[in-house]
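Student: The file below is data.cif, mmCIF, C-alpha atoms and all ligand atoms:
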```
data_target
#
loop_
_atom_site.label_atom_id
_atom_site.label_comp_id
_atom_site.auth_asym_id
_atom_site.auth_seq_id
_atom_site.Cartn_x
_atom_site.Cartn_y
_atom_site.Cartn_z
CA MET V 1 -15.66 -18.82 20.92
CA ASN V 2 -12.90 -20.59 22.69
CA PHE V 3 -10.88 -17.80 24.28
CA SER V 4 -9.52 -17.37 27.80
CA LYS V 5 -11.37 -15.13 30.24
CA GLU V 6 -8.35 -12.85 30.24
CA THR V 7 -8.50 -12.38 26.46
CA LEU V 8 -12.25 -11.75 26.48
CA ALA V 9 -11.88 -9.13 29.21
CA LEU V 10 -9.13 -7.38 27.30
CA VAL V 11 -11.24 -7.33 24.13
CA LYS V 12 -14.12 -5.75 26.00
CA GLU V 13 -11.79 -3.13 27.42
CA ALA V 14 -10.32 -2.49 23.95
CA ASP V 15 -13.70 -1.96 22.31
CA GLU V 16 -14.67 0.56 24.95
CA ALA V 17 -11.36 2.41 24.77
CA LEU V 18 -11.46 2.48 20.97
CA ARG V 19 -14.99 3.78 20.52
CA GLU V 20 -13.84 7.21 19.33
CA VAL V 21 -11.09 5.75 17.18
CA TYR V 22 -13.61 3.53 15.41
CA ALA V 23 -15.98 6.51 14.95
CA LYS V 24 -13.20 8.54 13.32
CA ILE V 25 -12.43 5.64 10.95
CA ASP V 26 -16.12 5.41 9.99
CA GLU V 27 -16.21 9.13 9.30
CA THR V 28 -13.21 8.85 6.93
CA ALA V 29 -14.87 5.93 5.14
CA LEU V 30 -18.02 8.00 4.68
CA ILE V 31 -16.10 10.92 3.15
CA ASN V 32 -14.15 8.62 0.84
CA THR V 33 -17.26 6.71 -0.21
CA SER V 34 -18.88 9.99 -1.12
CA LYS V 35 -15.89 10.86 -3.32
CA VAL V 36 -16.09 7.48 -5.04
CA MET V 37 -19.87 7.77 -5.41
CA ASN V 38 -19.53 11.17 -7.08
CA ALA V 39 -16.82 9.92 -9.42
CA PHE V 40 -18.96 6.97 -10.51
CA LYS V 41 -21.90 9.30 -11.09
CA ASN V 42 -19.92 12.04 -12.86
CA ASN V 43 -18.35 9.51 -15.21
CA ARG V 44 -21.63 7.70 -15.84
CA VAL V 45 -20.39 4.23 -14.97
CA SER V 46 -22.77 1.66 -16.45
CA ASP V 47 -22.88 -2.09 -16.82
CA SER V 48 -21.70 -1.76 -20.42
CA HIS V 49 -18.32 -0.84 -18.88
CA PHE V 50 -17.96 -4.33 -17.46
CA SER V 51 -17.65 -6.08 -20.82
CA ALA V 52 -14.33 -7.60 -21.84
CA SER V 53 -12.12 -6.40 -24.65
CA THR V 54 -9.55 -8.66 -26.26
CA GLY V 55 -6.59 -8.23 -28.58
CA TYR V 56 -5.34 -4.63 -28.80
CA GLY V 57 -8.14 -3.36 -26.60
CA TYR V 58 -8.53 -0.11 -28.57
CA ASP V 59 -11.30 2.20 -27.34
CA ASP V 60 -12.15 0.04 -24.34
CA ALA V 61 -14.82 2.14 -22.64
CA GLY V 62 -14.59 0.22 -19.37
CA ARG V 63 -10.84 0.84 -19.13
CA GLU V 64 -11.29 4.51 -19.96
CA VAL V 65 -14.03 5.04 -17.39
CA THR V 66 -12.05 3.19 -14.71
CA GLU V 67 -9.10 5.48 -15.31
CA LYS V 68 -11.31 8.58 -15.20
CA VAL V 69 -12.88 7.45 -11.92
CA TYR V 70 -9.43 6.89 -10.38
CA ALA V 71 -8.19 10.27 -11.59
CA GLU V 72 -11.22 12.05 -10.14
CA VAL V 73 -10.98 10.36 -6.74
CA PHE V 74 -7.22 10.97 -6.49
CA GLY V 75 -7.68 14.56 -7.65
CA THR V 76 -5.32 14.10 -10.60
CA GLU V 77 -5.49 14.93 -14.32
CA LYS V 78 -5.05 11.40 -15.54
CA ALA V 79 -4.59 7.81 -14.43
CA LEU V 80 -3.42 4.48 -15.77
CA VAL V 81 -5.23 1.57 -14.11
CA ARG V 82 -4.27 -1.73 -15.64
CA GLN V 83 -4.59 -5.40 -14.93
CA CYS V 84 -1.35 -5.97 -16.88
CA ILE V 85 0.56 -4.15 -14.13
CA CYS V 86 1.58 -7.19 -12.09
CA ASN V 87 2.12 -5.63 -8.66
CA GLY V 88 3.15 -2.50 -6.82
CA THR V 89 6.82 -2.95 -7.67
CA HIS V 90 5.94 -3.17 -11.36
CA ALA V 91 3.81 -0.02 -11.17
CA LEU V 92 6.64 1.85 -9.41
CA THR V 93 9.16 0.54 -11.96
CA VAL V 94 6.96 1.79 -14.81
CA GLY V 95 6.79 5.21 -13.13
CA LEU V 96 10.52 5.46 -12.49
CA PHE V 97 11.63 4.28 -15.93
CA GLY V 98 8.93 6.47 -17.50
CA LEU V 99 10.22 9.66 -15.88
CA LEU V 100 13.99 9.12 -15.62
CA ARG V 101 16.63 9.36 -18.39
CA PRO V 102 20.38 8.61 -18.42
CA GLY V 103 22.31 11.23 -16.45
CA ASP V 104 19.29 12.11 -14.28
CA THR V 105 19.23 11.71 -10.52
CA LEU V 106 16.55 10.00 -8.47
CA LEU V 107 16.35 11.54 -5.00
CA SER V 108 14.53 9.62 -2.29
CA VAL V 109 13.64 11.92 0.59
CA THR V 110 12.08 9.22 2.77
CA GLY V 111 15.18 7.10 3.26
CA LYS V 112 15.74 3.72 1.69
CA PRO V 113 12.73 2.75 -0.46
CA TYR V 114 10.75 -0.47 -0.03
CA ASP V 115 12.94 -3.60 -0.25
CA THR V 116 11.85 -4.67 -3.74
CA LEU V 117 12.90 -1.28 -5.16
CA GLU V 118 16.55 -1.87 -4.30
CA GLU V 119 17.15 -4.02 -7.37
CA VAL V 120 15.14 -1.66 -9.56
CA ILE V 121 17.34 1.27 -8.53
CA GLY V 122 20.50 -0.86 -8.64
CA LEU V 123 21.43 -0.70 -4.95
CA THR V 124 21.54 -4.49 -4.84
CA GLY V 125 21.08 -7.26 -7.36
CA VAL V 126 22.80 -8.64 -10.41
CA ASN V 127 24.58 -6.24 -12.73
CA GLY V 128 23.19 -6.84 -16.19
CA ASN V 129 19.53 -7.15 -15.19
CA GLY V 130 18.71 -3.61 -16.33
CA SER V 131 18.44 -1.51 -13.18
CA LEU V 132 18.14 2.28 -13.32
CA LYS V 133 21.82 2.44 -12.34
CA GLU V 134 22.78 0.44 -15.41
CA PHE V 135 20.86 2.91 -17.53
CA GLY V 136 22.96 5.72 -16.05
CA VAL V 137 20.45 7.02 -13.53
CA ASN V 138 22.10 8.21 -10.32
CA TYR V 139 20.56 7.75 -6.92
CA LYS V 140 20.71 9.80 -3.74
CA GLN V 141 18.71 9.61 -0.55
CA CYS V 142 18.14 11.37 2.74
CA GLU V 143 16.03 10.51 5.76
CA ILE V 144 12.66 12.08 6.56
CA GLY V 145 13.04 15.44 8.23
CA GLN V 146 16.66 15.83 7.11
CA GLY V 147 16.62 18.96 4.93
CA PHE V 148 17.18 18.10 1.26
CA THR V 149 17.40 21.60 -0.27
CA ASP V 150 21.16 21.15 -0.85
CA MET V 151 20.55 17.86 -2.66
CA LEU V 152 17.96 19.33 -5.03
CA ASP V 153 20.31 20.23 -7.89
CA ASP V 154 19.57 20.49 -11.65
CA LYS V 155 20.19 16.79 -12.17
CA VAL V 156 17.37 15.68 -9.89
CA LYS V 157 14.52 14.63 -12.19
CA VAL V 158 12.45 12.70 -9.66
CA VAL V 159 11.95 13.34 -5.96
CA TYR V 160 10.65 10.10 -4.53
CA LEU V 161 8.58 9.62 -1.39
CA GLN V 162 7.21 6.52 0.22
CA ARG V 163 4.03 7.23 2.17
CA SER V 164 3.87 3.98 4.10
CA ARG V 165 6.39 2.82 6.64
CA GLY V 166 6.95 -0.34 4.58
CA TYR V 167 9.37 -2.65 6.36
CA GLY V 168 10.83 0.29 8.26
CA GLN V 169 10.33 1.47 11.81
CA ARG V 170 9.46 5.05 10.95
CA PRO V 171 5.93 6.44 10.96
CA ALA V 172 3.93 6.79 7.74
CA LEU V 173 3.77 10.23 6.12
CA SER V 174 0.51 12.14 6.15
CA PRO V 175 -0.98 13.38 2.86
CA LYS V 176 -0.55 16.91 4.20
CA ASP V 177 3.21 16.41 4.72
CA ILE V 178 3.58 14.92 1.24
CA THR V 179 1.65 17.77 -0.36
CA GLU V 180 3.86 20.28 1.43
CA ILE V 181 6.99 18.56 0.12
CA THR V 182 5.54 18.44 -3.41
CA ARG V 183 4.84 22.17 -3.35
CA PHE V 184 8.33 22.87 -2.01
CA VAL V 185 9.94 20.76 -4.76
CA HIS V 186 7.86 22.42 -7.46
CA ALA V 187 8.73 25.88 -6.16
CA ASN V 188 12.46 25.10 -6.09
CA SER V 189 13.15 22.81 -9.05
CA ASN V 190 11.78 21.23 -12.22
CA ALA V 191 11.73 17.75 -10.70
CA TYR V 192 8.71 15.47 -10.73
CA VAL V 193 7.42 14.24 -7.38
CA MET V 194 6.55 10.57 -7.36
CA VAL V 195 4.88 8.90 -4.39
CA ASP V 196 4.80 5.23 -3.49
CA ASN V 197 1.21 5.39 -2.22
CA CYS V 198 0.95 1.65 -1.40
CA TYR V 199 -1.16 1.01 1.73
CA GLY V 200 -2.05 4.70 2.03
CA GLU V 201 -5.13 5.01 -0.17
CA PHE V 202 -8.37 5.90 1.66
CA THR V 203 -6.79 5.84 5.13
CA CYS V 204 -7.38 9.60 5.30
CA ALA V 205 -10.03 11.96 4.01
CA GLU V 206 -7.56 13.36 1.46
CA GLU V 207 -4.88 11.95 -0.84
CA PRO V 208 -1.46 13.55 -1.30
CA GLU V 209 -0.65 15.91 -4.18
CA ALA V 210 2.13 14.75 -6.49
CA ASP V 211 3.05 14.32 -10.16
CA LEU V 212 2.57 10.58 -9.80
CA LEU V 213 0.81 8.51 -7.14
CA VAL V 214 1.50 4.82 -7.53
CA GLY V 215 0.00 1.72 -5.98
CA SER V 216 -1.21 -1.84 -6.22
CA LEU V 217 -4.77 -3.08 -6.77
CA ILE V 218 -4.28 -6.07 -4.49
CA LYS V 219 -3.90 -3.57 -1.68
CA ASN V 220 -6.24 -0.74 -0.63
CA PRO V 221 -7.79 0.54 -3.89
CA GLY V 222 -8.73 -2.93 -5.14
CA GLY V 223 -11.03 -3.34 -2.14
CA GLY V 224 -10.31 -7.08 -1.97
CA ILE V 225 -12.18 -7.56 -5.26
CA ALA V 226 -9.68 -6.61 -7.97
CA LEU V 227 -7.87 -9.81 -8.94
CA THR V 228 -4.61 -8.13 -9.99
CA GLY V 229 -3.31 -4.82 -11.28
CA GLY V 230 -1.71 -1.51 -10.45
CA TYR V 231 -2.33 2.19 -10.97
CA LEU V 232 -0.42 5.38 -11.62
CA ALA V 233 -2.38 8.62 -11.17
CA GLY V 234 -0.98 12.09 -11.70
CA THR V 235 -0.40 14.92 -14.10
CA GLU V 236 -1.19 14.49 -17.79
CA ARG V 237 2.50 14.42 -18.76
CA ALA V 238 3.79 12.16 -15.98
CA VAL V 239 1.07 9.57 -16.60
CA GLU V 240 1.66 9.79 -20.36
CA LEU V 241 5.39 9.15 -19.87
CA ALA V 242 4.61 6.17 -17.64
CA SER V 243 2.21 4.82 -20.29
CA TYR V 244 4.98 4.95 -22.92
CA ARG V 245 7.11 2.80 -20.68
CA LEU V 246 4.28 0.39 -19.85
CA THR V 247 3.52 -0.31 -23.53
CA SER V 248 5.60 1.61 -26.07
CA PRO V 249 6.43 5.21 -26.99
CA GLY V 250 3.65 6.64 -29.13
CA VAL V 251 1.17 3.90 -28.24
CA GLY V 252 1.00 4.46 -24.47
CA GLY V 253 -2.32 3.90 -22.78
CA GLU V 254 -4.35 3.53 -25.98
CA VAL V 255 -4.02 -0.25 -25.91
CA GLY V 256 -4.50 -2.95 -23.29
CA ALA V 257 -7.26 -5.54 -23.42
CA THR V 258 -9.19 -5.65 -20.16
CA LEU V 259 -10.20 -9.34 -20.45
CA GLY V 260 -13.25 -8.72 -18.28
CA GLN V 261 -11.40 -7.22 -15.30
CA THR V 262 -13.02 -3.78 -15.25
CA ARG V 263 -16.02 -4.99 -13.26
CA ASN V 264 -13.74 -6.30 -10.50
CA MET V 265 -11.70 -3.12 -10.55
CA LEU V 266 -14.72 -0.85 -10.32
CA LEU V 267 -16.54 -2.94 -7.73
CA GLY V 268 -13.31 -3.14 -5.73
CA PHE V 269 -12.79 0.63 -5.91
CA TRP V 270 -16.38 1.12 -4.75
CA MET V 271 -15.74 -1.22 -1.79
CA ALA V 272 -12.27 0.14 -1.02
CA PRO V 273 -13.10 2.93 1.47
CA HIS V 274 -15.09 0.42 3.52
CA ALA V 275 -12.48 -2.34 3.24
CA VAL V 276 -9.79 0.11 4.35
CA ALA V 277 -11.93 1.07 7.36
CA GLN V 278 -12.22 -2.61 8.34
CA ALA V 279 -8.46 -2.96 8.08
CA LEU V 280 -7.84 0.22 10.11
CA LYS V 281 -10.13 -0.97 12.89
CA THR V 282 -8.31 -4.30 12.95
CA ALA V 283 -4.99 -2.43 13.17
CA ALA V 284 -6.15 -0.17 16.03
CA PHE V 285 -7.58 -3.16 17.87
CA SER V 286 -4.35 -5.13 17.56
CA ALA V 287 -2.33 -2.12 18.70
CA TYR V 288 -4.45 -1.91 21.83
CA VAL V 289 -4.44 -5.54 22.85
CA PHE V 290 -0.76 -6.14 22.13
CA GLU V 291 0.33 -2.91 23.80
CA LYS V 292 -1.70 -3.74 26.90
CA SER V 293 -0.15 -7.21 26.88
CA GLY V 294 3.33 -5.71 27.14
CA PHE V 295 4.58 -5.77 23.55
CA ASP V 296 5.89 -2.82 21.53
CA VAL V 297 3.50 -1.62 18.85
CA SER V 298 3.51 1.14 16.28
CA PRO V 299 1.42 3.14 15.71
CA SER V 300 -0.15 3.18 19.14
CA TYR V 301 -3.92 2.62 19.14
CA SER V 302 -4.73 6.32 19.52
CA GLU V 303 -2.25 7.70 16.97
CA SER V 304 -3.37 9.02 13.57
CA ARG V 305 -2.95 6.49 10.78
CA TYR V 306 -1.77 7.28 7.27
CA ASP V 307 -1.29 3.71 6.10
CA LEU V 308 -2.62 0.24 6.93
CA ILE V 309 0.46 -1.15 8.55
CA GLN V 310 0.56 -2.08 12.20
CA THR V 311 3.78 -3.35 13.66
CA VAL V 312 3.98 -5.61 16.67
CA THR V 313 7.48 -6.20 17.98
CA LEU V 314 7.87 -9.54 19.72
CA HIS V 315 11.64 -9.41 20.52
CA ASP V 316 11.82 -13.18 20.08
CA PRO V 317 11.97 -15.31 16.90
CA GLU V 318 9.74 -18.04 18.37
CA LYS V 319 7.02 -15.59 19.44
CA LEU V 320 7.23 -13.98 16.01
CA LYS V 321 6.68 -17.33 14.30
CA ALA V 322 3.79 -18.14 16.68
CA PHE V 323 2.16 -14.80 15.85
CA ILE V 324 2.46 -15.22 12.07
CA ARG V 325 1.28 -18.82 12.23
CA ALA V 326 -1.79 -17.92 14.31
CA ILE V 327 -2.81 -15.41 11.64
CA GLN V 328 -2.44 -18.11 8.99
CA TYR V 329 -4.41 -20.63 11.07
CA SER V 330 -7.23 -18.03 11.33
CA SER V 331 -7.38 -17.42 7.56
CA PRO V 332 -10.38 -18.42 5.42
CA VAL V 333 -8.03 -20.01 2.86
CA ASP V 334 -5.18 -22.43 3.68
CA SER V 335 -5.81 -22.33 7.42
CA TYR V 336 -4.11 -25.73 7.76
CA VAL V 337 -0.78 -24.47 6.35
CA THR V 338 2.18 -23.69 8.63
CA PRO V 339 4.26 -20.75 7.39
CA GLU V 340 8.05 -21.10 7.47
CA PRO V 341 10.70 -18.40 6.93
CA TRP V 342 12.04 -18.41 3.35
CA ALA V 343 14.15 -16.36 0.94
CA MET V 344 11.72 -14.27 -1.13
CA PRO V 345 12.88 -12.80 -4.43
CA GLY V 346 13.54 -9.09 -3.99
CA TYR V 347 13.91 -9.20 -0.20
CA THR V 348 17.24 -9.10 1.67
CA ASP V 349 16.41 -11.18 4.78
CA GLU V 350 14.39 -14.35 5.06
CA VAL V 351 10.69 -13.54 5.38
CA ILE V 352 7.87 -15.40 7.15
CA MET V 353 4.39 -14.66 5.86
CA ALA V 354 0.80 -15.44 6.70
CA ALA V 355 -1.42 -14.98 3.68
CA GLY V 356 -4.49 -17.18 3.57
CA THR V 357 -6.13 -15.00 0.98
CA PHE V 358 -8.70 -15.35 -1.80
CA THR V 359 -6.44 -13.29 -4.07
CA GLY V 360 -2.85 -14.51 -4.11
CA GLY V 361 -0.69 -12.33 -1.88
CA SER V 362 -3.40 -9.72 -1.39
CA THR V 363 -2.64 -7.53 1.61
CA ILE V 364 -5.98 -5.74 1.90
CA GLU V 365 -7.05 -9.16 3.11
CA LEU V 366 -5.61 -9.87 6.55
CA SER V 367 -1.98 -10.82 6.23
CA ALA V 368 1.15 -10.58 8.30
CA ASP V 369 4.76 -10.77 7.34
CA ALA V 370 8.08 -10.35 9.01
CA PRO V 371 11.70 -10.31 7.97
CA MET V 372 13.53 -12.72 10.28
CA ARG V 373 15.77 -10.12 11.86
CA ALA V 374 15.97 -8.44 15.28
CA PRO V 375 13.91 -6.97 16.90
CA TYR V 376 11.48 -9.53 15.39
CA THR V 377 8.75 -7.24 14.24
CA ALA V 378 5.58 -8.49 12.60
CA PHE V 379 4.01 -6.22 9.98
CA LEU V 380 0.30 -6.71 10.04
CA GLN V 381 -2.14 -5.30 7.51
CA GLY V 382 -5.57 -5.69 6.07
CA SER V 383 -8.77 -7.55 6.85
CA LEU V 384 -11.84 -7.29 4.69
CA THR V 385 -14.02 -7.62 7.78
CA PHE V 386 -13.31 -6.25 11.23
CA GLU V 387 -14.93 -9.33 12.75
CA GLY V 388 -12.51 -11.67 10.96
CA GLY V 389 -9.60 -9.41 11.83
CA LYS V 390 -10.54 -9.26 15.47
CA LEU V 391 -10.86 -13.03 15.87
CA SER V 392 -7.52 -13.56 14.11
CA ILE V 393 -5.81 -11.07 16.42
CA MET V 394 -7.34 -12.75 19.47
CA ASN V 395 -5.88 -16.05 18.27
CA ALA V 396 -2.51 -14.42 17.63
CA LEU V 397 -2.50 -12.87 21.09
CA GLU V 398 -3.10 -16.19 22.80
CA ALA V 399 -0.57 -18.04 20.60
CA THR V 400 2.08 -15.41 21.29
CA LYS V 401 1.53 -15.46 25.03
CA ASN V 402 1.65 -19.26 25.12
CA SER V 403 4.85 -19.66 23.07
C1 LIG M 1 3.51 -3.49 -1.28
C2 LIG M 1 4.41 -2.34 -1.39
C3 LIG M 1 5.18 -2.09 -2.52
C4 LIG M 1 5.14 -2.97 -3.73
O1 LIG M 1 5.14 -4.29 -3.45
P1 LIG M 1 4.47 -5.42 -4.36
O2 LIG M 1 4.55 -6.59 -3.48
O3 LIG M 1 5.31 -5.51 -5.57
O4 LIG M 1 3.08 -5.01 -4.66
C5 LIG M 1 5.99 -0.98 -2.52
N1 LIG M 1 6.02 -0.14 -1.49
C6 LIG M 1 5.28 -0.33 -0.39
C7 LIG M 1 5.36 0.66 0.72
C8 LIG M 1 4.46 -1.43 -0.31
O5 LIG M 1 3.71 -1.60 0.78
#
```
Rewrite the coordinates I just gave you, this time as structure tokens.
Tutor:
Amino acid sequence: MNFSKETLALVKEADEALREVYAKIDETALINTSKVMNAFKNNRVSDSHFSASTGYGYDDAGREVTEKVYAEVFGTEKALVRQCICNGTHALTVGLFGLLRPGDTLLSVTGKPYDTLEEVIGLTGVNGNGSLKEFGVNYKQCEIGQGFTDMLDDKVKVVYLQRSRGYGQRPALSPKDITEITRFVHANSNAYVMVDNCYGEFTCAEEPEADLLVGSLIKNPGGGIALTGGYLAGTERAVELASYRLTSPGVGGEVGATLGQTRNMLLGFWMAPHAVAQALKTAAFSAYVFEKSGFDVSPSYSESRYDLIQTVTLHDPEKLKAFIRAIQYSSPVDSYVTPEPWAMPGYTDEVIMAAGTFTGGSTIELSADAPMRAPYTAFLQGSLTFEGGKLSIMNALEATKNS
């Protein structure tokens, strides 16, 4: 290992200081693994569930068992877990269009949703592309902690929460906070509560309560094994409505060939609590070493974590690029590639990304991305192994200091 004495000393200090943090992460992984283990057992998962269906995919036992396992682990009545859901944005779009009708209001109570949702809602983008706004769905938002009782009128059909910080600078929401909001909304209106659960799954010993929890399989719940896909888990009716949007009214979740993907999905879900623990340790480790090296980080190494995201603020575009590039150069795939800032579809600012991943764009694998805007914050997430994550962060630390 070719690191400076200073870096090696800091790593030693970090591992000692983080001993309890790591132990807490292991404990969460144990609890979540036990939930997954019970769900596999209760639903009698067998190798016959790994076989591929084609065509319509009627009565696909592997698909049905996968969805039952997800529903049990998330504590919901029903789930849709599909490889034909292309990404998190698609899953969220299916949920929103499934629940909302013309004249309804969508109320976000966690501020502006994730960047790619802006065009879905109709806040930005080309008129004529079919946003919610074009279909006559109104949108309102308030920030976290700002009371929204006054905004919760009869027109509000969906109260929307984003668990993760996303590309924002606010902390992630805990499952407990989300559950409290869900119960408040249900006690005071007929609205559905829909949660963007991306990056949150398995970071805590419990998942939030809501009508619909939505996420991507190339993040936490895919465990680095699922090759593509998304999920929506929630109440019978909310999931049914989403299924009518995903395929067609009346048909819903009864179709959908699995093409041999259920094995990856189930193996990934089995691995997910452990993979998330590896990513959380990597995040806590990076928080410690960058904070001690004088940079701004969030969360701090000792803070509770409700999502995978670690931000490191470099306050300098060159240091930001050096950081992102060092992560890329440490990746198992495409380590020789130099990332450059570019205009990504769905994002407002130019973005620079490190993603040397086995699964294209997977962010349960170590990845880092940053919109090229002040204060030049890198958003770091993932790592299937803590060892790989740690070495990558050590490289990023040295590259950042030397740039
Ligand atoms: C990743 C993510 C999404 C969806 O993004 P995709 O790239 O389409 O999967 C939405 N919200 C949050 C908070 C996310 O992290």
Student: Give one line per residue of chain V that approaches ligand LIG 1 (chain M) to at most 10 Å, naming the two atoms of the closest pair and their distance in Å to one decimal, counting all atoms listed in the file; sort by chain then ascending residue number and deliver it as JSON lines.
Tutor:
```
{"residue": "V:Ile85", "atom": "CA", "partner": "M:LIG1", "partner_atom": "O4", "distance": 9.8}
{"residue": "V:Cys86", "atom": "CA", "partner": "M:LIG1", "partner_atom": "O3", "distance": 7.7}
{"residue": "V:Asn87", "atom": "CA", "partner": "M:LIG1", "partner_atom": "O4", "distance": 4.2}
{"residue": "V:Gly88", "atom": "CA", "partner": "M:LIG1", "partner_atom": "O4", "distance": 3.3}
{"residue": "V:Thr89", "atom": "CA", "partner": "M:LIG1", "partner_atom": "O3", "distance": 3.6}
{"residue": "V:His90", "atom": "CA", "partner": "M:LIG1", "partner_atom": "O3", "distance": 6.3}
{"residue": "V:Ala91", "atom": "CA", "partner": "M:LIG1", "partner_atom": "O3", "distance": 8.0}
{"residue": "V:Leu92", "atom": "CA", "partner": "M:LIG1", "partner_atom": "C5", "distance": 7.5}
{"residue": "V:Thr93", "atom": "CA", "partner": "M:LIG1", "partner_atom": "O3", "distance": 9.6}
{"residue": "V:Pro113", "atom": "CA", "partner": "M:LIG1", "partner_atom": "N1", "distance": 7.4}
{"residue": "V:Tyr114", "atom": "CA", "partner": "M:LIG1", "partner_atom": "N1", "distance": 5.0}
{"residue": "V:Asp115", "atom": "CA", "partner": "M:LIG1", "partner_atom": "C5", "distance": 7.8}
{"residue": "V:Thr116", "atom": "CA", "partner": "M:LIG1", "partner_atom": "O1", "distance": 6.7}
{"residue": "V:Leu117", "atom": "CA", "partner": "M:LIG1", "partner_atom": "C5", "distance": 7.4}
{"residue": "V:Leu161", "atom": "CA", "partner": "M:LIG1", "partner_atom": "C7", "distance": 9.8}
{"residue": "V:Gln162", "atom": "CA", "partner": "M:LIG1", "partner_atom": "C7", "distance": 6.2}
{"residue": "V:Arg163", "atom": "CA", "partner": "M:LIG1", "partner_atom": "C7", "distance": 6.9}
{"residue": "V:Ser164", "atom": "CA", "partner": "M:LIG1", "partner_atom": "C7", "distance": 5.0}
{"residue": "V:Arg165", "atom": "CA", "partner": "M:LIG1", "partner_atom": "C7", "distance": 6.4}
{"residue": "V:Gly166", "atom": "CA", "partner": "M:LIG1", "partner_atom": "C7", "distance": 4.3}
{"residue": "V:Tyr167", "atom": "CA", "partner": "M:LIG1", "partner_atom": "C7", "distance": 7.7}
{"residue": "V:Gly168", "atom": "CA", "partner": "M:LIG1", "partner_atom": "C7", "distance": 9.3}
{"residue": "V:Ala172", "atom": "CA", "partner": "M:LIG1", "partner_atom": "C7", "distance": 9.4}
{"residue": "V:Val195", "atom": "CA", "partner": "M:LIG1", "partner_atom": "N1", "distance": 9.6}
{"residue": "V:Asp196", "atom": "CA", "partner": "M:LIG1", "partner_atom": "N1", "distance": 5.9}
{"residue": "V:Asn197", "atom": "CA", "partner": "M:LIG1", "partner_atom": "C7", "distance": 6.9}
{"residue": "V:Cys198", "atom": "CA", "partner": "M:LIG1", "partner_atom": "O5", "distance": 4.8}
{"residue": "V:Tyr199", "atom": "CA", "partner": "M:LIG1", "partner_atom": "O5", "distance": 5.6}
{"residue": "V:Gly200", "atom": "CA", "partner": "M:LIG1", "partner_atom": "C7", "distance": 8.5}
{"residue": "V:Val214", "atom": "CA", "partner": "M:LIG1", "partner_atom": "C5", "distance": 8.9}
{"residue": "V:Gly215", "atom": "CA", "partner": "M:LIG1", "partner_atom": "C3", "distance": 7.3}
{"residue": "V:Ser216", "atom": "CA", "partner": "M:LIG1", "partner_atom": "O4", "distance": 5.6}
{"residue": "V:Leu217", "atom": "CA", "partner": "M:LIG1", "partner_atom": "O4", "distance": 8.4}
{"residue": "V:Ile218", "atom": "CA", "partner": "M:LIG1", "partner_atom": "O4", "distance": 7.4}
{"residue": "V:Lys219", "atom": "CA", "partner": "M:LIG1", "partner_atom": "C1", "distance": 7.4}
{"residue": "V:Thr228", "atom": "CA", "partner": "M:LIG1", "partner_atom": "O4", "distance": 9.9}
{"residue": "V:Gly229", "atom": "CA", "partner": "M:LIG1", "partner_atom": "O4", "distance": 9.2}
{"residue": "V:Gly230", "atom": "CA", "partner": "M:LIG1", "partner_atom": "O4", "distance": 8.3}
{"residue": "V:Asp307", "atom": "CA", "partner": "M:LIG1", "partner_atom": "O5", "distance": 9.0}
{"residue": "V:Leu308", "atom": "CA", "partner": "M:LIG1", "partner_atom": "O5", "distance": 9.0}
{"residue": "V:Ile309", "atom": "CA", "partner": "M:LIG1", "partner_atom": "O5", "distance": 8.4}
{"residue": "V:Gly346", "atom": "CA", "partner": "M:LIG1", "partner_atom": "O3", "distance": 9.1}
{"residue": "V:Gly361", "atom": "CA", "partner": "M:LIG1", "partner_atom": "O2", "distance": 7.9}
{"residue": "V:Ser362", "atom": "CA", "partner": "M:LIG1", "partner_atom": "O4", "distance": 8.7}
{"residue": "V:Thr363", "atom": "CA", "partner": "M:LIG1", "partner_atom": "C1", "distance": 7.9}
{"residue": "V:Gln381", "atom": "CA", "partner": "M:LIG1", "partner_atom": "O5", "distance": 9.7}
```
Student: Let me make sure I understand: among V:Gly294, V:Gly145, V:Gly136, V:Pro175, which one has the smallest atom-to-atom distance to Leu397 (chain V) if we use all atoms listed in the file?
Tutor: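 That would be V:Gly294, the residue with the smallest distance to Leu397 (chain V).
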Student: Measure the distance from CA of Leu132 (chain V) to CA of Ala233 (chain V) in Å and round it to one decimal.
Tutor: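 The value is 21.6 Å.
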Student: Near Ala277 (chain V), within 6 Å and counting only C-alpha atoms, which residues show up once chain neighbours fewer than 3 positions away are dropped, as a compact mmCIF listing (two decimals) with C-alpha atoms, in the frame of the given file?
Tutor:
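And here's selection32.txt as it stands now:
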```txt
# COMPACT_ATOMS: atom_id res chain seq x y z
CA ILE V 25 -12.43 5.64 10.95
CA HIS V 274 -15.09 0.42 3.52
CA LEU V 280 -7.84 0.22 10.11
```
Student: Name the closest residue to Leu30 (chain V) among the candidates V:Gly250, V:Ser46, V:Val94, V:Trp270; distances are taken between atoms, counting all atoms listed in the file.
Tutor: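 Counting all atoms listed in the file, the residue closest to Leu30 (chain V) is V:Trp270.
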Student: Give the answer as one residue: which of V:Ile31, V:Val156, V:Cys142, V:Ala257 has the shortest atom-to-atom distance to Gly55 (chain V), using all atoms listed in the file?
Tutor: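 Selected residue with least distance to Gly55 (chain V): V:Ala257.
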Student: If you measure from CA of Tyr336 (chain V) to CA of Lys401 (chain V), what distance in Å do you get, rounded to one decimal?
Tutor: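 The value is 20.9 Å.
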Student: Smallest atom-to-atom distance to Ser108 (chain V): which of V:Glu209, V:Gly57, V:Val193, V:Gly128, using only C-alpha atoms?
Tutor: V:Val193
Student: List the spatial neighbours of Lys390 (chain V) as a list in words - criterion: any atom at most 10 Å away, all atoms listed in the file, same-chain residues fewer than 3 positions off excluded.
Tutor: Val11, Gln278, Ala279, Lys281, Thr282, Ala283, Phe285, Ser286, Ser383, Thr385, Phe386, Glu387, Ile393, Met394, Asn395 and Ala396 of chain V
